[in-house]
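Here's the structure we're looking at; comments come further down.
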Amino acid sequence: MNWITKFIKPKIKSLLKKRSASNDKTALWTTCECKNLIYKDELFNNLNVCPNCGSHHKLTCEERFKIFFDNRIEYTILETPMPPDNPLQFPNYEEKLKKARKKTKQPDAVLIADGKLNGMRVTVGAQNFNFIGGAVGAASGEAFIYAVQHAINNKTPFIFFSASGGQKMQEGAIALMQMTRTVLAVNEFKKHNLPYIVVMTNPTSGGVTASFASLGDVTMAEKGAIVAFAGARVIKDTVKEELPINFQRSEWILDHGGLDLVVERKYLRSTIAKLLQILLKKKESEAISSLDVKSFEEDLQPARKKQII
Ligand SMILES: [Zn+2]
């Protein structure tokens, strides 16, 4: 026992300490899945994409807005309704929320902004995975619905960047209800003939994939993002089979018809701006024939086309 307490335990403790130091916000360096050390400024200047392996690192809502809107500043964060914090009196939930708010400096996982993309006014929502895994509860549901209403009132397209583990277990049925509420909001939005574009970022799973994130007029994902309902481990244990390499990665989902596009982060702005231009033109002008619209849709859905063939 002695050698365990004397050598092994201190070794494990020092390794854990090193790991937490790499997550330290004041540290200048961070690590990547390719095991390289990256200077944080260099990473952010590269849109939080690893310059060595191209891995797309997670972004906070503010970082997402900064790299998406014109000149990195042309946006305003909207104040969304905040329902009561702990409706079911779930133990320790309030402390968890307090910590998440302190860590992320935002009131909930979802932030909504109104701003300009290539001079075009747009409403944009984003989820912060660092806020309790981006889990959806009443506050996120309210924020999403508020954004939809804002987009309808101001006749703007709505773009949503999803990143979530699913619904909040601490809010039980109230969290599950947000799936229905957000789907109804998207349906209402579509009646106004305005474009709704979803960008699934790493990871998007559970009730978010099963509700508003899968309902975009165009549903795209960032390169290498995990897009799933249940996790790979749960599926593997259930079906008792080896899963394909790349299972639930955005490229795999695209090949199987679950997405319209997989886009590198550096091309997101230009891709979405172009799509909006075409979609809005389609709405405003009778001049585009149905044939043009069809070929545009075909261009966008290579995976679906493949599946039909
Ligand atoms: Zn890397």
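Residue numbering restarts at 1 for every chain of the structure tokens, chains are lettered A, B, ... in their displayed order, and ligands are numbered from 1 as they appear.
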Please identify the strand (DSSP E) residues within stretch 57-275 of chain A (assignment by DSSP from backbone atoms) and present them as a short mmCIF file (atom, residue, chain, number, x, y, z; two decimals) with all heavy atoms, in the first residue's frame.
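Final output, out.cif:
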data_model
loop_
_atom_site.label_atom_id
_atom_site.label_comp_id
_atom_site.auth_asym_id
_atom_site.auth_seq_id
_atom_site.Cartn_x
_atom_site.Cartn_y
_atom_site.Cartn_z
N TYR A 75 -23.50 44.68 -33.76
CA TYR A 75 -24.60 43.90 -33.20
C TYR A 75 -24.95 44.41 -31.80
O TYR A 75 -24.15 45.06 -31.15
CB TYR A 75 -24.24 42.42 -33.13
CG TYR A 75 -23.15 42.08 -32.14
CD1 TYR A 75 -23.46 41.71 -30.82
CD2 TYR A 75 -21.81 42.12 -32.51
CE1 TYR A 75 -22.46 41.40 -29.91
CE2 TYR A 75 -20.81 41.81 -31.60
CZ TYR A 75 -21.13 41.45 -30.31
OH TYR A 75 -20.15 41.15 -29.41
N THR A 76 -26.18 44.12 -31.40
CA THR A 76 -26.63 44.46 -30.04
C THR A 76 -27.21 43.20 -29.43
O THR A 76 -28.02 42.51 -30.07
CB THR A 76 -27.77 45.51 -30.08
OG1 THR A 76 -27.42 46.50 -31.04
CG2 THR A 76 -28.02 46.13 -28.74
N ILE A 77 -26.80 42.90 -28.21
CA ILE A 77 -27.37 41.73 -27.52
C ILE A 77 -28.72 42.14 -26.92
O ILE A 77 -28.82 43.18 -26.26
CB ILE A 77 -26.41 41.19 -26.46
CG1 ILE A 77 -25.17 40.60 -27.17
CG2 ILE A 77 -27.07 40.13 -25.58
CD1 ILE A 77 -24.08 40.12 -26.27
N LEU A 78 -29.74 41.34 -27.18
CA LEU A 78 -31.09 41.69 -26.72
C LEU A 78 -31.35 41.10 -25.33
O LEU A 78 -30.86 40.00 -25.02
CB LEU A 78 -32.13 41.14 -27.71
CG LEU A 78 -31.94 41.54 -29.18
CD1 LEU A 78 -32.97 40.83 -30.04
CD2 LEU A 78 -32.06 43.05 -29.36
N VAL A 110 -28.45 30.64 -23.70
CA VAL A 110 -28.77 31.23 -25.02
C VAL A 110 -28.66 32.76 -24.96
O VAL A 110 -29.20 33.38 -24.05
CB VAL A 110 -30.19 30.82 -25.47
CG1 VAL A 110 -30.59 31.56 -26.73
CG2 VAL A 110 -30.26 29.32 -25.70
N LEU A 111 -27.97 33.32 -25.93
CA LEU A 111 -27.97 34.78 -26.09
C LEU A 111 -28.51 35.10 -27.49
O LEU A 111 -28.25 34.36 -28.45
CB LEU A 111 -26.57 35.37 -25.97
CG LEU A 111 -25.98 35.57 -24.57
CD1 LEU A 111 -24.70 36.41 -24.67
CD2 LEU A 111 -26.94 36.22 -23.59
N ILE A 112 -29.23 36.22 -27.57
CA ILE A 112 -29.81 36.64 -28.85
C ILE A 112 -29.26 38.01 -29.21
O ILE A 112 -29.15 38.89 -28.35
CB ILE A 112 -31.36 36.72 -28.73
CG1 ILE A 112 -31.95 35.41 -28.20
CG2 ILE A 112 -31.99 37.13 -30.06
CD1 ILE A 112 -31.75 34.20 -29.08
N ALA A 113 -28.92 38.18 -30.48
CA ALA A 113 -28.40 39.48 -30.92
C ALA A 113 -29.08 39.91 -32.22
O ALA A 113 -29.53 39.08 -33.02
CB ALA A 113 -26.90 39.40 -31.13
N ASP A 114 -29.11 41.22 -32.38
CA ASP A 114 -29.64 41.81 -33.62
C ASP A 114 -28.47 42.57 -34.23
O ASP A 114 -27.82 43.36 -33.55
CB ASP A 114 -30.79 42.77 -33.23
CG ASP A 114 -31.38 43.50 -34.42
OD1 ASP A 114 -30.62 43.90 -35.32
OD2 ASP A 114 -32.61 43.67 -34.45
N GLY A 115 -28.17 42.30 -35.49
CA GLY A 115 -27.01 42.98 -36.08
C GLY A 115 -26.98 42.88 -37.59
O GLY A 115 -27.99 42.54 -38.22
N LYS A 116 -25.81 43.16 -38.14
CA LYS A 116 -25.68 43.20 -39.60
C LYS A 116 -24.75 42.10 -40.11
O LYS A 116 -23.67 41.87 -39.56
CB LYS A 116 -25.09 44.55 -40.01
CG LYS A 116 -26.00 45.76 -39.71
CD LYS A 116 -26.94 46.00 -40.89
CE LYS A 116 -27.93 47.12 -40.63
NZ LYS A 116 -27.33 48.44 -40.64
N LEU A 117 -25.19 41.47 -41.19
CA LEU A 117 -24.35 40.51 -41.89
C LEU A 117 -24.26 40.99 -43.34
O LEU A 117 -25.29 41.00 -44.04
CB LEU A 117 -24.95 39.10 -41.83
CG LEU A 117 -24.28 38.05 -42.70
CD1 LEU A 117 -22.88 37.72 -42.20
CD2 LEU A 117 -25.12 36.79 -42.78
N MET A 120 -26.85 43.34 -44.17
CA MET A 120 -28.24 42.87 -44.08
C MET A 120 -28.61 42.69 -42.61
O MET A 120 -27.84 42.10 -41.84
CB MET A 120 -28.29 41.51 -44.78
CG MET A 120 -29.62 41.08 -45.30
SD MET A 120 -29.52 39.38 -45.98
CE MET A 120 -27.98 39.39 -46.86
N ARG A 121 -29.77 43.21 -42.19
CA ARG A 121 -30.15 43.07 -40.80
C ARG A 121 -30.61 41.62 -40.51
O ARG A 121 -31.45 41.08 -41.24
CB ARG A 121 -31.27 44.05 -40.45
CG ARG A 121 -31.54 44.11 -38.97
CD ARG A 121 -32.54 45.19 -38.62
NE ARG A 121 -32.87 45.12 -37.20
CZ ARG A 121 -33.92 45.71 -36.67
NH1 ARG A 121 -34.71 46.45 -37.41
NH2 ARG A 121 -34.17 45.59 -35.37
N VAL A 122 -30.05 41.03 -39.46
CA VAL A 122 -30.40 39.64 -39.11
C VAL A 122 -30.57 39.49 -37.60
O VAL A 122 -29.97 40.24 -36.82
CB VAL A 122 -29.31 38.63 -39.59
CG1 VAL A 122 -29.29 38.47 -41.09
CG2 VAL A 122 -27.92 39.04 -39.10
N THR A 123 -31.40 38.52 -37.21
CA THR A 123 -31.50 38.15 -35.79
C THR A 123 -30.71 36.85 -35.63
O THR A 123 -30.89 35.92 -36.42
CB THR A 123 -32.97 37.93 -35.39
OG1 THR A 123 -33.71 39.11 -35.72
CG2 THR A 123 -33.11 37.63 -33.91
N VAL A 124 -29.84 36.82 -34.62
CA VAL A 124 -28.97 35.64 -34.44
C VAL A 124 -29.05 35.15 -33.01
O VAL A 124 -29.01 35.94 -32.06
CB VAL A 124 -27.51 36.00 -34.80
CG1 VAL A 124 -26.58 34.82 -34.55
CG2 VAL A 124 -27.39 36.43 -36.25
N GLY A 125 -29.15 33.84 -32.86
CA GLY A 125 -29.12 33.23 -31.53
C GLY A 125 -27.94 32.30 -31.44
O GLY A 125 -27.51 31.72 -32.44
N ALA A 126 -27.39 32.15 -30.23
CA ALA A 126 -26.27 31.21 -30.05
C ALA A 126 -26.37 30.58 -28.67
O ALA A 126 -26.86 31.19 -27.72
CB ALA A 126 -24.93 31.93 -30.20
N GLN A 127 -25.91 29.32 -28.59
CA GLN A 127 -25.88 28.63 -27.30
C GLN A 127 -24.44 28.51 -26.83
O GLN A 127 -23.54 28.23 -27.64
CB GLN A 127 -26.45 27.21 -27.45
CG GLN A 127 -27.96 27.18 -27.51
CD GLN A 127 -28.49 25.78 -27.75
OE1 GLN A 127 -28.10 25.13 -28.70
NE2 GLN A 127 -29.39 25.33 -26.90
N PHE A 158 -33.63 34.65 -39.43
CA PHE A 158 -33.21 34.19 -38.10
C PHE A 158 -32.16 33.09 -38.28
O PHE A 158 -32.38 32.11 -38.99
CB PHE A 158 -34.44 33.68 -37.34
CG PHE A 158 -34.14 33.17 -35.94
CD1 PHE A 158 -33.17 33.78 -35.15
CD2 PHE A 158 -34.85 32.10 -35.41
CE1 PHE A 158 -32.90 33.32 -33.86
CE2 PHE A 158 -34.59 31.63 -34.13
CZ PHE A 158 -33.62 32.26 -33.36
N ILE A 159 -31.02 33.29 -37.64
CA ILE A 159 -29.93 32.31 -37.73
C ILE A 159 -29.63 31.82 -36.33
O ILE A 159 -29.49 32.64 -35.41
CB ILE A 159 -28.67 32.96 -38.35
CG1 ILE A 159 -28.99 33.50 -39.75
CG2 ILE A 159 -27.51 31.97 -38.44
CD1 ILE A 159 -28.36 34.81 -40.04
N PHE A 160 -29.55 30.51 -36.16
CA PHE A 160 -29.28 29.99 -34.81
C PHE A 160 -28.08 29.05 -34.82
O PHE A 160 -28.00 28.13 -35.63
CB PHE A 160 -30.51 29.26 -34.26
CG PHE A 160 -30.42 29.04 -32.77
CD1 PHE A 160 -30.85 30.02 -31.89
CD2 PHE A 160 -29.86 27.88 -32.25
CE1 PHE A 160 -30.74 29.85 -30.51
CE2 PHE A 160 -29.74 27.71 -30.88
CZ PHE A 160 -30.19 28.69 -30.02
N PHE A 161 -27.13 29.30 -33.90
CA PHE A 161 -25.94 28.45 -33.74
C PHE A 161 -26.19 27.55 -32.52
O PHE A 161 -26.17 28.04 -31.38
CB PHE A 161 -24.70 29.31 -33.51
CG PHE A 161 -24.30 30.12 -34.71
CD1 PHE A 161 -24.80 31.40 -34.90
CD2 PHE A 161 -23.43 29.60 -35.66
CE1 PHE A 161 -24.44 32.15 -36.01
CE2 PHE A 161 -23.06 30.34 -36.78
CZ PHE A 161 -23.57 31.61 -36.95
N SER A 162 -26.43 26.27 -32.76
CA SER A 162 -26.75 25.38 -31.63
C SER A 162 -25.49 24.73 -31.08
O SER A 162 -24.54 24.44 -31.82
CB SER A 162 -27.73 24.31 -32.09
OG SER A 162 -27.14 23.51 -33.09
N ALA A 163 -25.48 24.52 -29.75
CA ALA A 163 -24.40 23.77 -29.08
C ALA A 163 -24.98 23.35 -27.74
O ALA A 163 -25.09 24.16 -26.82
CB ALA A 163 -23.18 24.66 -28.86
N SER A 164 -25.40 22.10 -27.66
CA SER A 164 -26.12 21.71 -26.44
C SER A 164 -26.10 20.20 -26.23
O SER A 164 -26.06 19.43 -27.19
CB SER A 164 -27.57 22.19 -26.54
OG SER A 164 -28.31 21.73 -25.45
N TYR A 196 -35.00 30.78 -42.03
CA TYR A 196 -34.51 30.30 -40.73
C TYR A 196 -33.35 29.35 -41.03
O TYR A 196 -33.54 28.31 -41.66
CB TYR A 196 -35.64 29.60 -39.98
CG TYR A 196 -35.21 28.85 -38.75
CD1 TYR A 196 -34.39 29.45 -37.78
CD2 TYR A 196 -35.62 27.53 -38.51
CE1 TYR A 196 -34.01 28.75 -36.63
CE2 TYR A 196 -35.25 26.83 -37.37
CZ TYR A 196 -34.45 27.45 -36.44
OH TYR A 196 -34.05 26.77 -35.30
N ILE A 197 -32.16 29.76 -40.61
CA ILE A 197 -30.97 28.95 -40.90
C ILE A 197 -30.37 28.45 -39.58
O ILE A 197 -30.20 29.21 -38.64
CB ILE A 197 -29.94 29.76 -41.70
CG1 ILE A 197 -30.51 30.06 -43.08
CG2 ILE A 197 -28.60 29.02 -41.81
CD1 ILE A 197 -29.61 30.87 -43.98
N VAL A 198 -30.08 27.15 -39.52
CA VAL A 198 -29.47 26.58 -38.31
C VAL A 198 -28.05 26.15 -38.63
O VAL A 198 -27.79 25.54 -39.67
CB VAL A 198 -30.27 25.35 -37.81
CG1 VAL A 198 -29.59 24.74 -36.59
CG2 VAL A 198 -31.69 25.73 -37.48
N VAL A 199 -27.14 26.51 -37.73
CA VAL A 199 -25.77 26.02 -37.83
C VAL A 199 -25.51 25.17 -36.59
O VAL A 199 -25.47 25.69 -35.47
CB VAL A 199 -24.74 27.17 -37.90
CG1 VAL A 199 -23.33 26.61 -38.10
CG2 VAL A 199 -25.09 28.16 -38.99
N MET A 200 -25.40 23.86 -36.77
CA MET A 200 -25.13 22.98 -35.63
C MET A 200 -23.64 23.01 -35.36
O MET A 200 -22.83 22.75 -36.25
CB MET A 200 -25.58 21.57 -35.94
CG MET A 200 -27.08 21.44 -36.11
SD MET A 200 -27.50 19.71 -36.22
CE MET A 200 -29.28 19.77 -36.29
N THR A 201 -23.27 23.34 -34.13
CA THR A 201 -21.85 23.37 -33.79
C THR A 201 -21.58 22.27 -32.77
O THR A 201 -22.51 21.70 -32.21
CB THR A 201 -21.41 24.74 -33.25
OG1 THR A 201 -21.92 24.92 -31.93
CG2 THR A 201 -21.91 25.89 -34.13
N ASN A 202 -20.34 22.00 -32.53
CA ASN A 202 -19.94 20.86 -31.70
C ASN A 202 -20.17 21.11 -30.22
O ASN A 202 -19.63 22.07 -29.69
CB ASN A 202 -18.45 20.57 -31.93
CG ASN A 202 -18.00 19.31 -31.23
OD1 ASN A 202 -18.72 18.31 -31.22
ND2 ASN A 202 -16.86 19.37 -30.60
N PRO A 203 -20.89 20.26 -29.50
CA PRO A 203 -21.79 19.22 -29.98
C PRO A 203 -23.23 19.68 -29.94
O PRO A 203 -23.58 20.51 -29.13
CB PRO A 203 -21.57 18.13 -28.92
CG PRO A 203 -21.32 18.91 -27.65
CD PRO A 203 -20.72 20.23 -28.04
N THR A 204 -24.04 19.15 -30.82
CA THR A 204 -25.48 19.42 -30.77
C THR A 204 -26.17 18.08 -30.60
O THR A 204 -26.01 17.20 -31.44
CB THR A 204 -25.95 20.11 -32.06
OG1 THR A 204 -25.32 21.39 -32.14
CG2 THR A 204 -27.46 20.31 -32.07
N VAL A 218 -32.45 25.84 -44.15
CA VAL A 218 -31.17 25.22 -44.47
C VAL A 218 -30.55 24.84 -43.14
O VAL A 218 -30.41 25.67 -42.24
CB VAL A 218 -30.24 26.19 -45.23
CG1 VAL A 218 -28.91 25.50 -45.53
CG2 VAL A 218 -30.88 26.68 -46.51
N THR A 219 -30.21 23.56 -42.99
CA THR A 219 -29.57 23.10 -41.75
C THR A 219 -28.15 22.69 -42.08
O THR A 219 -27.93 21.78 -42.85
CB THR A 219 -30.36 21.92 -41.13
OG1 THR A 219 -31.70 22.35 -40.91
CG2 THR A 219 -29.75 21.49 -39.81
N MET A 220 -27.22 23.42 -41.50
CA MET A 220 -25.82 23.11 -41.78
C MET A 220 -25.08 22.82 -40.48
O MET A 220 -25.63 23.03 -39.38
CB MET A 220 -25.15 24.27 -42.52
CG MET A 220 -25.16 25.58 -41.81
SD MET A 220 -24.34 26.88 -42.77
CE MET A 220 -25.62 27.40 -43.86
N ALA A 221 -23.86 22.33 -40.58
CA ALA A 221 -23.06 22.08 -39.37
C ALA A 221 -21.64 22.49 -39.64
O ALA A 221 -21.18 22.51 -40.79
CB ALA A 221 -23.12 20.61 -38.99
N GLU A 222 -20.94 22.82 -38.56
CA GLU A 222 -19.53 23.13 -38.70
C GLU A 222 -18.76 21.84 -38.92
O GLU A 222 -19.20 20.76 -38.50
CB GLU A 222 -19.02 23.83 -37.43
CG GLU A 222 -19.38 25.28 -37.39
CD GLU A 222 -18.65 26.04 -36.29
OE1 GLU A 222 -18.31 25.44 -35.25
OE2 GLU A 222 -18.44 27.24 -36.47
N LEU A 261 -25.55 21.00 -45.47
CA LEU A 261 -24.18 21.46 -45.76
C LEU A 261 -23.28 21.25 -44.55
O LEU A 261 -23.75 21.32 -43.41
CB LEU A 261 -24.18 22.98 -46.01
CG LEU A 261 -24.78 23.56 -47.28
CD1 LEU A 261 -24.90 25.06 -47.11
CD2 LEU A 261 -23.91 23.24 -48.47
N VAL A 262 -22.01 21.03 -44.80
CA VAL A 262 -20.99 21.11 -43.74
C VAL A 262 -20.04 22.21 -44.16
O VAL A 262 -19.52 22.20 -45.28
CB VAL A 262 -20.25 19.77 -43.56
CG1 VAL A 262 -19.10 19.92 -42.58
CG2 VAL A 262 -21.21 18.69 -43.06
N VAL A 263 -19.85 23.17 -43.29
CA VAL A 263 -19.10 24.37 -43.66
C VAL A 263 -17.98 24.62 -42.66
O VAL A 263 -18.17 24.50 -41.45
CB VAL A 263 -20.04 25.60 -43.70
CG1 VAL A 263 -19.32 26.83 -44.20
CG2 VAL A 263 -21.25 25.33 -44.58
#
- Message: Counting only C-alpha atoms and all ligand atoms, what are the residues, protein, DNA or RNA alike, that approach ligand 1 to within 7 Å? I want them as a ChimeraX atom specification.
- Response: /A:32-36,50-55
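Proximity of A:Phe189, A:Phe90, A:Phe131, A:Tyr146 to A:Gly172, computed with only C-alpha atoms, is greatest for A:Phe90.
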Find the residues near A:Asn86: any atom within 10 Å, counting only C-alpha atoms, skip ones fewer than 6 places away on the same chain, and give them as a PDB file with N, CA and C atoms, in the first residue's frame.
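Result written to around.pdb:
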ATOM      1  N   ASN A  92     -29.539  21.929  -5.176  1.00  0.00           N
ATOM      2  CA  ASN A  92     -28.255  22.491  -5.641  1.00  0.00           C
ATOM      3  C   ASN A  92     -28.293  23.141  -7.019  1.00  0.00           C
ATOM      4  N   TYR A  93     -29.466  23.252  -7.612  1.00  0.00           N
ATOM      5  CA  TYR A  93     -29.557  23.809  -8.965  1.00  0.00           C
ATOM      6  C   TYR A  93     -29.220  25.300  -8.973  1.00  0.00           C
ATOM      7  N   GLU A  94     -29.686  26.003  -7.926  1.00  0.00           N
ATOM      8  CA  GLU A  94     -29.428  27.450  -7.888  1.00  0.00           C
ATOM      9  C   GLU A  94     -27.929  27.755  -7.827  1.00  0.00           C
ATOM     10  N   LEU A  97     -26.411  27.260 -11.202  1.00  0.00           N
ATOM     11  CA  LEU A  97     -26.706  28.394 -12.085  1.00  0.00           C
ATOM     12  C   LEU A  97     -25.796  29.579 -11.765  1.00  0.00           C
ATOM     13  N   ALA A 138     -36.369  26.552 -19.225  1.00  0.00           N
ATOM     14  CA  ALA A 138     -37.366  27.582 -19.530  1.00  0.00           C
ATOM     15  C   ALA A 138     -36.715  28.858 -20.075  1.00  0.00           C
ATOM     16  N   GLN A 170     -32.769  19.273 -14.460  1.00  0.00           N
ATOM     17  CA  GLN A 170     -33.231  19.951 -13.239  1.00  0.00           C
ATOM     18  C   GLN A 170     -34.592  20.615 -13.427  1.00  0.00           C
ATOM     19  N   GLU A 171     -35.011  20.794 -14.679  1.00  0.00           N
ATOM     20  CA  GLU A 171     -36.310  21.438 -14.916  1.00  0.00           C
ATOM     21  C   GLU A 171     -37.338  20.443 -15.463  1.00  0.00           C
TER      22      GLU A 171
END
- Could you please determine the separation between atom CA of A:Ala173 and atom CA of A:Pro87 in Å, to one decimal place? 10.7 Å
- Query: Quick one: DSSP alpha helix (DSSP H) residues in stretch 70-300 of chain A, as a PyMOL selection string?
  - Reply: chain A and resi 93-104+138-154+172-191+206-209+232-239+250-255+265-284+290-300
- Closest to A:Ala175 among A:Glu62, A:Glu188, A:Asp237, A:Glu142, using only C-alpha atoms? A:Glu142
